[in-house]
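Undergrad: Structure below; questions to follow.
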Amino acid sequence: MVSPTASPAVPIVIAGFARSPFTVAHKGALARTRPDDIVAQVVRGLLERTHADPALIEDLIMGCAFPEGEQGFNVARLVGFLADLPLHVAGVTVNRFCGSSMQAIHMAAGAMQMGAGEAYICAGVESMSRIPMTGFNPLPHPGLTERMEGAYMGMGETAENVARKYGLGRAEQDSFALASQHKAAAAQAAGHFMDEIVPIKGADGVVAVDGCIREDTTLDALEGLKPAFQEGGTVTAGTASPLTDGASAVLVTTEAFAEREGLKPLAYVKAFAVSGCQPEIMGIGPVGSSQKALKRAGISVDDLDVVELNEAFASQSLASIRDLGLNIDKVNIDGGAIALGHPLGATGARITGKAAQILNRTQGRWALATQCIGGGQGIATVLEGVS
Amino acid sequence: MTKAPYEPIQKVCVIGAGVMGAGIAAHAANAGADVILLDVVEDAAANAVQKMLKTQPAPLMHPSFAKRITPGTLDNIGHVEDCDWIIEAVIERLDVKKELYRQLAPKMKPGAVLSSNTSTIPLSQLVEGMAVETRPYFLITHFFNPPRYMRLLEIVTGAHTDSFASARIQDFADRAMGKSIVHCKDTPGFIANRIGTFWLQCAVTEAIKHGIGIEQADAVLSRPMGVPKTGVFGLLDLVGLDLMPHILNSFKTTLPDGDAFHALGDAPELLAKMIEDGYTGRKGRGGFYRLNTDDGQKVKEAIDLGTGAYAPAKRPKIEAAEAARKHGPRATLCHDSAEGRYAWSVVSQTLSYAAHLAPQISDHVEAVDRAMRLGYNWKWGPFELIDRIGAEWLERQFTAEGRPVPELLRSAAGRTFYQTDAGQLTYLAYDGRYRPVKRPDGVLLLADIKRQSLPVKHNTSASIWDLGDGVACLEFHSKMNSLNPFILSLMNWSRRELPKRGFKGLVIHNEGRNFSVGANIAMLLITSKLRLWPLIRMIVRYGQRTFGNLKSAPFPVVGAPSGMALGGGCEVLLHCDAIDAHAETYTGLIEAGVGIVPGWGGCKELLSRWSVAKNCPGGPMPPVMKAFETIATAQVSKSAYEAKDMMVLRPGDHVVMNQDRLLAAAKARMLELAKDYIPPTPVDMHLPGPSGATALKLAVRDFINKGVATPHDATIAHELAFVLSGGNTDMLDTVNEAGVLKLERDAIVKLAKTSKTRDRVAHMLKTGKPLRN
């Protein structure tokens with residue numbers, strides 16, 4: 001049996017990160033562009049920027065939370081075709097809702113431990129404009145719904161539950177959201193997104209800039225918003241991540257492969273974990289999964305230099321930060337999903353890639369990327385700097 | 001039909017993005033034109049387009065029509081070069097307008113028409129100094145506010161006007177914009193505002209003279225006289241008090257000496273003070289009426305014309321007004337009371353003014369009446385009102401009071417201004433002879449058919465008329481055109497008898513304010529109170545069978561609605577083979593408002609429409625979700641175009657802009673369908689069953705959480721979810737139409753058993769408004 005704190009036998013690295021601009025669903029610049037077209041361009045962009053040889057890729061693992069319609073069939077395989085990957089490069093689509101593309105990274109790392117290849121593209125995609133969040137044909141199990149209220153509970157309601165359970169008030173959530181917007185706007189102004197964004201040729205022209213960030217927002221504006229999910233509640237459209245269109249991809253390889261191919265790794269994948277929790281408070285999913293992953297990496301929260309915690313909602317972010325004892329100054333320094341957007345299937349790869357990128361940029365040692373997942377789960381990845 | 005000797009209007013430029021300019025631009029977009037909206041102020045046009053999307057009542061018939069409007073400034077004046085019609089709607093200053101025309105003239109393409117929306121400046125002055133080559137293409141087109149909703153368009157042409165240019169504009173205004181065109185002579189204020197302003201000013205000054213409160217004034221001058229309930233003071237609040245001084249001054253300077261308008265006197269000092277204090281009407285802090293919210297409650301207050309103080313508005317029961325209910329408007333005018341004397345004073349002066357002026361401002365009295373009906377929403381124009389109160393009586397009153405009797409009134413003594421001659425409506429012309437009221441080519445009115453013939457079949461609530469060419473028309477004429485057993489029986493009779501009598505098909509149409517407000521729900525209340533559940537089930541089934549009979553009839557049925565088509569009225573349309581809808585059709589399945597689900601096949605029809613819709617994703621849920629969203633939220637279209645989004649109108653159904661052309665369009669459609677007609681076959685649907693209902697219930701839960709749905713809303717929505725999901729079906733099975741109809745019946749009976757549904761029905765019957773319990 002492998003010790004929980006053991007390092008991977010085969011060192012795995014994040015060797016590249018790319019994403020599309022994230023734009024607001026329905027009204028944004030990518031709304032009229034097919035999701036498979038978006039992610040295919042991101043995959044191409046990742047390969048071009050990293051100079052990785054496509055012929056050496058084992059598999060394209062693609063996360064998608066509602067894999068139907070234009071992101072249906074086995075979209076990973078189809079994106080392989082669209083991105084002109086060699087035909088021998090395989091493709092698989094995975095679904096762990098919001099954790100899907102982080103799961104893709106875990107699967108790649110796990111496979112490489114088994115000697116099953118040396119390089120994987122781990123991508124994620126979601127067009128929330130073109131495929132509704134419940135899918136086109138939601139058919140929940142009537143008996144289960146009756147028996148277990150949380151099984152299909154709407155995410156907004158879970159965010160309210162978390163806010164209530166943790167006593168998180170409106171002001172605290174508004175401040176958190178405002179900070180996210182400011183951090184994202186500052187990162188954008190500092191050019192921190194330039195390296196990661198692949199301009200997308202869309203149905204309405206080339207899109208090269210994020211569309212969700214509200215750099216002008218104020219506390220007054222946030223305070224003026226009505227509760228979005230519950231009468232008398234505290235969660236608003238301003239303290240929730242917006243419905244978003246976008247895609248992301250990371251190149252995950254063995255360290256040996258990266259060295260051989262002359263790639264520039266951003267970070268090591270040190271440990272990861274998934275966990276389950278009560279679906280009614282799914283937002284605290286990061287707590288259990290992060291604790292497991294940190295333990296497996298043999299470090300504590302105090303060791304972390306960088307944290308990317310997906311901001312599905314301000315309430316669950318704050319609750320997770322509190323329960324994990326995270327230093328809030330180290331969380332989402334380039335802004336989080338409240339500002340940048342949360343294209344469900346694409347977020348996991350974005351925050352893992354982002355954590356690796358910041359680790360590299362700030363010469364830090366340890367990073368954690370973690371997120372909550374609808375239905376009551378958490379997922380977490382611990383990265384270690386390469387320097 | 002011969003081809004018109006001009007190209008249709010495709011591109012319109014409106015200059016001036018004020019209230020009228022923006023409204024005209026929006027309506028030109030409604031009419032399908034590409035529109036350029038220009039203003040001298042930067043961003044004014046762009047802001048106006050943004051504002052259109054938020055304004056209620058909406059100037060646009062569909063939000064997407066905003067894309068047809070390109071805003072700009074006068075720097076873009078060169079863009080008029082490919083416009084067919086340029087409408088000037090700038091400030092009422094002759095010098096500004098003339099300078100604009102000077103700039104525009106060289107940029108207009110050959111044959112393009114320039115028109116002014118002036119409401120005060122005569123054509124003769126506007127064309128002074130205009131290039132001779134531009135004059136033939138210039139005219140006045142005077143729209144009324146709001147341009148989408150007011151059907152009147154006054155047109156003034158001169159001897160110089162090219163007849164094709166004028167015809168080209170009229171054709172577009174009539175067919176594409178749906179306007180009823182009234183030709184006016186070139187006199188100040190044309191027709192409607194000339195008479196309307198006199199009436200308003202007279203009503204204000206006389207109210208002060210008579211010491212009448214504004215509530216009393218509005219009570220006697222509105223309904224009893226066939227005027228909207230806003231009356232005079234309510235209308236002034238709506239129009240905007242700040243406009244009044246401009247209009248009054250304009251008339252003061254342009255009307256000839258001796259015009260009775262001058263004798264009315266100036267606007268009261270109170271008006272100036274109100275405007276100064278920001279009381280400019282509904283757009284400001286209030287006007288003659290205001291809503292006082294100081295105590296946290298909305299209290300409607302009315303101003304005292306003497307003191308300027310506001311007090312809670314009374315809803316007086318005025319005998320003079322009540323008298324008209326039983327005995328017509330004359331009873332109000334002769335009522336021996338302060339209000340009666342006031343009404344007589346205002347109405348007699350207004351009618352006298354109209355009768356005196358009519359020959360100077362119009363070609364005939366029908367034009368004057370139509371202008372007042374369509375421009376001021378009067379039920380009767382002045383001469384129609386005179387016919388109701390009696391021309392001879394009026395003449396006697398004038399004589400008795402020593403007032404001059406207008407020549408036109410004298411010529412009508414012992415006669416009426418309108419009469420029917422061998423089924424033809426005629427009006428009394430200025431030469432003292434009766435002439436036929438001419439309808440524009442292609443206009444077919446049920447009113448004319450009714451004058452010319454007897455119904456094929458009729459009862460107290462509905463009639464069948466012969467429209468000619470083998471087309472029958474089913475007309476509802478019950479109270480508010482609500483559906484009742486009499487109407488249903490005539491539908492069943494039609495199915496049985498029309499083919500035997502040689503009819504090729506049926507058009508369902510009426511010329512009431514509303515197509516139908518739905519089923520008469522009084523019966524539902526009585527039967528549910530008496531717990532007559534089998535009877536309720538039977539009534540619902542009878543409606544379902546009747547509508548099913550219409551649908552499966554061996555002849556085509558075309559629905560031709562205008563105004564509201566709600567609940568059962570919408571279900572009638574859903575069972576038609578095709579719909580030709582007036583653009584101003586407000587339709588939806590609003591049954592949830594009275595605590596039930598659509599029970600006469602509405603659920604079934606909306607489901608089957610979405611099941612075959614090309615823009616609906618595959619799988620069992622999307623049609624169910626679409627129908628659920630529409631019905632559970634009691635969505636009502638704000639135009640026929642929105643009804644297409646809701647799928648009440650199918651993609652191939654037609655929208656008719658001009659209400660007067662609706663019946664002819666529906667008749668033509670029916671005849672087209674009658675060629676090789678095969679009745680539709682019932683549809684089998686794949687529905688999701690309980691899993692689908694569960695998904696919908698989860699959505700309802702979110703609405704409850706948000707506080708936008710009440711517990712009884714949820715109860716109704718759950719029943720609706722069960723019906724639309726096909727009950728306990730499995731998605732591998734099919735549900736036929738009869739199966740969905742049974743689910744509708746079950747749901748109605750189940751909901752009728754709840755006290756909250758009964759409360760909703762009772763509340764609607766009592767107040768006309770839905771109860772949210």
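By order in the structure tokens, chains are A, B, ...; within a chain, residues start at 1; ligands start at 1, following the order shown.
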Compute the set of chain B residues within 7 Å of chain A, using only C-alpha atoms, and express it as a compact mmCIF listing (two decimals) with N, CA and C atoms, in the first residue's frame.
TA:
# COMPACT_ATOMS: atom_id res chain seq x y z
N PRO B 617 -35.05 22.09 -29.13
CA PRO B 617 -34.11 20.97 -29.10
C PRO B 617 -34.83 19.62 -28.98
N GLY B 619 -35.58 15.54 -27.81
CA GLY B 619 -35.82 14.91 -26.51
C GLY B 619 -37.20 15.24 -25.99
N PRO B 620 -37.61 14.51 -24.95
CA PRO B 620 -38.98 14.69 -24.47
C PRO B 620 -39.23 15.97 -23.68
N MET B 621 -38.18 16.58 -23.14
CA MET B 621 -38.42 17.69 -22.21
C MET B 621 -38.60 19.08 -22.84
N PRO B 622 -37.81 19.43 -23.86
CA PRO B 622 -37.91 20.82 -24.33
C PRO B 622 -39.33 21.28 -24.67
N PRO B 690 -43.32 10.99 -15.19
CA PRO B 690 -43.06 11.56 -13.85
C PRO B 690 -41.69 12.22 -13.70
N SER B 691 -40.68 11.74 -14.43
CA SER B 691 -39.35 12.36 -14.30
C SER B 691 -39.40 13.80 -14.80
N GLY B 692 -40.14 13.99 -15.88
CA GLY B 692 -40.28 15.35 -16.42
C GLY B 692 -41.00 16.24 -15.44
N THR B 694 -41.04 15.94 -12.31
CA THR B 694 -40.11 16.21 -11.21
C THR B 694 -39.19 17.38 -11.55
N ALA B 695 -38.69 17.38 -12.78
CA ALA B 695 -37.80 18.48 -13.20
C ALA B 695 -38.53 19.81 -13.10
N ASP B 702 -37.55 26.59 -7.02
CA ASP B 702 -36.68 27.77 -7.09
C ASP B 702 -37.50 29.05 -7.10
N ASN B 705 -38.68 29.69 -3.62
CA ASN B 705 -37.57 30.23 -2.83
C ASN B 705 -37.37 31.72 -3.08
N LYS B 706 -37.46 32.08 -4.36
CA LYS B 706 -37.22 33.48 -4.72
C LYS B 706 -38.36 34.38 -4.26
N GLY B 707 -39.46 33.77 -3.86
CA GLY B 707 -40.60 34.56 -3.40
C GLY B 707 -41.43 35.09 -4.55
Undergrad: Need the shell around segment 101-116 of chain B: protein/DNA/RNA residues with any atom at most 7 Å away, counting only C-alpha atoms. Skip same-chain ones fewer than 2 positions apart. Format as a list in words?
TA: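 Everything that qualifies: Gly78, Val80, Glu81, Asp82, Cys83, Asp84, Trp85, Ile86, Ile87, Glu88, Ala89, Lys97, Lys98, Glu99, Thr118, Thr134, Tyr137, Phe138, Leu139, Ile140, Thr141 and Ala165 of chain B.
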Undergrad: Those selected residues, please, written with N, CA and C atoms and delivered as a PDB file, in the first residue's frame.
TA:
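Just written: selection-v8.pdb:
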ATOM      1  N   GLY B  78     -25.968  62.414 -44.753  1.00  0.00           N
ATOM      2  CA  GLY B  78     -25.729  61.804 -46.062  1.00  0.00           C
ATOM      3  C   GLY B  78     -26.361  60.423 -46.184  1.00  0.00           C
ATOM      4  N   VAL B  80     -29.227  59.597 -45.778  1.00  0.00           N
ATOM      5  CA  VAL B  80     -30.595  59.596 -46.325  1.00  0.00           C
ATOM      6  C   VAL B  80     -30.581  59.222 -47.805  1.00  0.00           C
ATOM      7  N   GLU B  81     -29.402  59.159 -48.388  1.00  0.00           N
ATOM      8  CA  GLU B  81     -29.353  58.993 -49.844  1.00  0.00           C
ATOM      9  C   GLU B  81     -29.989  57.686 -50.325  1.00  0.00           C
ATOM     10  N   ASP B  82     -30.034  56.660 -49.483  1.00  0.00           N
ATOM     11  CA  ASP B  82     -30.721  55.453 -49.954  1.00  0.00           C
ATOM     12  C   ASP B  82     -32.058  55.228 -49.232  1.00  0.00           C
ATOM     13  N   CYS B  83     -32.594  56.278 -48.632  1.00  0.00           N
ATOM     14  CA  CYS B  83     -33.894  56.155 -47.957  1.00  0.00           C
ATOM     15  C   CYS B  83     -35.038  56.477 -48.916  1.00  0.00           C
ATOM     16  N   ASP B  84     -36.131  55.738 -48.717  1.00  0.00           N
ATOM     17  CA  ASP B  84     -37.303  55.970 -49.564  1.00  0.00           C
ATOM     18  C   ASP B  84     -38.211  57.038 -48.970  1.00  0.00           C
ATOM     19  N   TRP B  85     -38.153  57.149 -47.654  1.00  0.00           N
ATOM     20  CA  TRP B  85     -39.044  58.103 -46.979  1.00  0.00           C
ATOM     21  C   TRP B  85     -38.280  58.750 -45.849  1.00  0.00           C
ATOM     22  N   ILE B  86     -38.257  60.061 -45.851  1.00  0.00           N
ATOM     23  CA  ILE B  86     -37.590  60.799 -44.784  1.00  0.00           C
ATOM     24  C   ILE B  86     -38.667  61.548 -44.006  1.00  0.00           C
ATOM     25  N   ILE B  87     -38.751  61.264 -42.709  1.00  0.00           N
ATOM     26  CA  ILE B  87     -39.780  61.895 -41.876  1.00  0.00           C
ATOM     27  C   ILE B  87     -39.108  62.893 -40.949  1.00  0.00           C
ATOM     28  N   GLU B  88     -39.491  64.135 -41.080  1.00  0.00           N
ATOM     29  CA  GLU B  88     -38.918  65.163 -40.209  1.00  0.00           C
ATOM     30  C   GLU B  88     -39.806  65.282 -38.972  1.00  0.00           C
ATOM     31  N   ALA B  89     -39.188  65.145 -37.794  1.00  0.00           N
ATOM     32  CA  ALA B  89     -39.940  65.273 -36.544  1.00  0.00           C
ATOM     33  C   ALA B  89     -39.133  66.129 -35.580  1.00  0.00           C
ATOM     34  N   LYS B  97     -36.968  73.865 -39.565  1.00  0.00           N
ATOM     35  CA  LYS B  97     -37.446  72.855 -40.510  1.00  0.00           C
ATOM     36  C   LYS B  97     -36.988  73.199 -41.931  1.00  0.00           C
ATOM     37  N   LYS B  98     -37.137  74.460 -42.285  1.00  0.00           N
ATOM     38  CA  LYS B  98     -36.790  74.856 -43.655  1.00  0.00           C
ATOM     39  C   LYS B  98     -35.296  74.655 -43.933  1.00  0.00           C
ATOM     40  N   GLU B  99     -34.495  74.975 -42.941  1.00  0.00           N
ATOM     41  CA  GLU B  99     -33.052  74.796 -43.108  1.00  0.00           C
ATOM     42  C   GLU B  99     -32.720  73.307 -43.279  1.00  0.00           C
ATOM     43  N   THR B 118     -45.156  67.736 -38.469  1.00  0.00           N
ATOM     44  CA  THR B 118     -45.620  68.921 -37.761  1.00  0.00           C
ATOM     45  C   THR B 118     -47.071  68.746 -37.321  1.00  0.00           C
ATOM     46  N   THR B 134     -38.232  69.478 -55.362  1.00  0.00           N
ATOM     47  CA  THR B 134     -38.499  68.770 -54.099  1.00  0.00           C
ATOM     48  C   THR B 134     -39.980  68.823 -53.745  1.00  0.00           C
ATOM     49  N   TYR B 137     -42.508  66.037 -53.860  1.00  0.00           N
ATOM     50  CA  TYR B 137     -42.226  64.895 -52.985  1.00  0.00           C
ATOM     51  C   TYR B 137     -42.301  65.271 -51.515  1.00  0.00           C
ATOM     52  N   PHE B 138     -43.013  66.330 -51.244  1.00  0.00           N
ATOM     53  CA  PHE B 138     -43.138  66.783 -49.862  1.00  0.00           C
ATOM     54  C   PHE B 138     -44.604  66.785 -49.425  1.00  0.00           C
ATOM     55  N   LEU B 139     -44.865  66.318 -48.214  1.00  0.00           N
ATOM     56  CA  LEU B 139     -46.218  66.350 -47.663  1.00  0.00           C
ATOM     57  C   LEU B 139     -46.143  66.336 -46.136  1.00  0.00           C
ATOM     58  N   ILE B 140     -47.274  66.491 -45.512  1.00  0.00           N
ATOM     59  CA  ILE B 140     -47.327  66.392 -44.046  1.00  0.00           C
ATOM     60  C   ILE B 140     -47.920  65.037 -43.681  1.00  0.00           C
ATOM     61  N   THR B 141     -47.223  64.330 -42.797  1.00  0.00           N
ATOM     62  CA  THR B 141     -47.757  63.071 -42.246  1.00  0.00           C
ATOM     63  C   THR B 141     -47.774  63.252 -40.731  1.00  0.00           C
ATOM     64  N   ALA B 165     -46.203  59.926 -55.254  1.00  0.00           N
ATOM     65  CA  ALA B 165     -45.430  60.058 -54.014  1.00  0.00           C
ATOM     66  C   ALA B 165     -46.363  59.930 -52.818  1.00  0.00           C
TER      67      ALA B 165
END
Undergrad: Pick out the residues sitting within 7 Å of Arg745 of chain B, and hand them over as number ranges by chain; count only C-alpha atoms, and ignore anything fewer than 6 positions along from it in its own chain.
TA: B: 537, 540, 599
Undergrad: What does the file look like for those residues with C-alpha atoms, as a short mmCIF file (atom, residue, chain, number, x, y, z; two decimals), in the first residue's frame?
TA:
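Okay, this is what ended up in part.cif:
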data_model
loop_
_atom_site.label_atom_id
_atom_site.label_comp_id
_atom_site.auth_asym_id
_atom_site.auth_seq_id
_atom_site.Cartn_x
_atom_site.Cartn_y
_atom_site.Cartn_z
CA ARG B 537 -65.87 17.45 -15.91
CA VAL B 540 -64.74 20.86 -19.71
CA GLY B 599 -58.74 22.77 -20.02
#
Undergrad: If you run DSSP on the backbone here, which positions in segment 54-89 of chain B get helix (DSSP H, G or I)? Please write them as a PyMOL selection string.
TA: chain B and resi 63-68+74-82
Undergrad: Which residues are close to Glu215 of chain B, i.e. within 8 Å by only C-alpha atoms, leaving aside same-chain residues fewer than 6 positions away? Reply as a list of chain:residue names.
TA: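 My reading of the contact set: B:Ala302, B:Ala313, B:Lys314, B:Arg315, B:Pro316.
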Undergrad: Those same residues, written as a tab-separated table (two decimals), in the first residue's frame with N, CA and C atoms?
TA:
chain	number	residue	atom	x	y	z
B	302	ALA	N	-56.64	64.43	-6.09
B	302	ALA	CA	-57.07	65.31	-7.18
B	302	ALA	C	-56.88	66.75	-6.74
B	313	ALA	N	-58.74	61.74	-4.12
B	313	ALA	CA	-59.71	61.79	-5.22
B	313	ALA	C	-60.97	61.04	-4.83
B	314	LYS	N	-62.10	61.63	-5.20
B	314	LYS	CA	-63.37	60.96	-4.92
B	314	LYS	C	-63.76	60.16	-6.14
B	315	ARG	N	-64.57	59.15	-5.90
B	315	ARG	CA	-65.14	58.44	-7.05
B	315	ARG	C	-66.64	58.70	-7.00
B	316	PRO	N	-67.02	59.91	-7.41
B	316	PRO	CA	-68.39	60.31	-7.21
B	316	PRO	C	-69.37	59.53	-8.08
Undergrad: Can you pull out every residue within 7 Å of segment 75-86 of chain A, counting only C-alpha atoms, but drop anything in the same chain fewer than 3 positions away, and send it as a PyMOL selection string?
TA: chain A and resi 36+40-41+43-44+54-55+60-62+71-72+89-93
Undergrad: So that I can check the secondary structure, give me every residue of segment 73-171 of chain A assigned strand (DSSP E) by backbone DSSP, as a ChimeraX atom specification.
TA: /A:90-94,119-127
Undergrad: Please produce a file of those selected residues containing C-alpha atoms, as an mmCIF file, in the first residue's frame.
TA:
data_model
loop_
_atom_site.group_PDB
_atom_site.id
_atom_site.type_symbol
_atom_site.label_atom_id
_atom_site.label_comp_id
_atom_site.auth_asym_id
_atom_site.auth_seq_id
_atom_site.Cartn_x
_atom_site.Cartn_y
_atom_site.Cartn_z
ATOM 1 C CA ALA A 90 -7.389 9.427 -28.457
ATOM 2 C CA GLY A 91 -10.128 11.464 -26.819
ATOM 3 C CA VAL A 92 -12.371 10.952 -23.807
ATOM 4 C CA THR A 93 -14.994 13.168 -22.232
ATOM 5 C CA VAL A 94 -15.357 13.191 -18.451
ATOM 6 C CA ALA A 119 1.744 13.491 -22.322
ATOM 7 C CA TYR A 120 -1.927 14.397 -22.067
ATOM 8 C CA ILE A 121 -4.007 17.379 -23.012
ATOM 9 C CA CYS A 122 -6.486 17.974 -20.199
ATOM 10 C CA ALA A 123 -9.121 20.379 -21.349
ATOM 11 C CA GLY A 124 -12.553 21.588 -20.383
ATOM 12 C CA VAL A 125 -15.392 23.340 -22.133
ATOM 13 C CA GLU A 126 -18.835 24.746 -21.473
ATOM 14 C CA SER A 127 -21.120 26.941 -23.488
#
Undergrad: Can you list, as an mmCIF file with C-alpha atoms, in the first residue's frame, every protein, DNA or RNA residue that comes within 8 Å of Pro228 of chain B when you count only C-alpha atoms, leaving out same-chain residues fewer than 2 positions away?
TA:
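Okay, around.cif is ready:
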data_model
loop_
_atom_site.group_PDB
_atom_site.id
_atom_site.type_symbol
_atom_site.label_atom_id
_atom_site.label_comp_id
_atom_site.auth_asym_id
_atom_site.auth_seq_id
_atom_site.Cartn_x
_atom_site.Cartn_y
_atom_site.Cartn_z
ATOM 1 C CA SER B 222 -65.831 60.404 -20.288
ATOM 2 C CA ARG B 223 -67.978 57.276 -20.519
ATOM 3 C CA GLY B 226 -68.033 57.783 -25.377
ATOM 4 C CA THR B 230 -59.267 59.445 -18.494
ATOM 5 C CA GLY B 231 -61.787 62.129 -19.462
ATOM 6 C CA ASN B 377 -60.005 57.223 -28.842
ATOM 7 C CA TRP B 378 -63.495 58.646 -28.767
ATOM 8 C CA LYS B 379 -66.126 55.998 -29.252
#
Undergrad: Identify, on the basis of only C-alpha atoms, every residue whose closest approach to Leu153 of chain B does not exceed 8 Å; exclude the query and any residue fewer than 2 positions from it along the same chain; express the result as a list in words.
TA: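 That gives Thr141, His142, Phe143, Phe144, Arg151, Ile155, Ala173, Lys179, Ser180, Ile181 and Val182 of chain B.
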Undergrad: Pick the closest to Leu30 of chain A from A:Asp204, A:Glu215, A:Asp174, A:Glu280: which is it, counting only C-alpha atoms?
TA: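 Of all the options, A:Asp204 lies closest to Leu30 of chain A.
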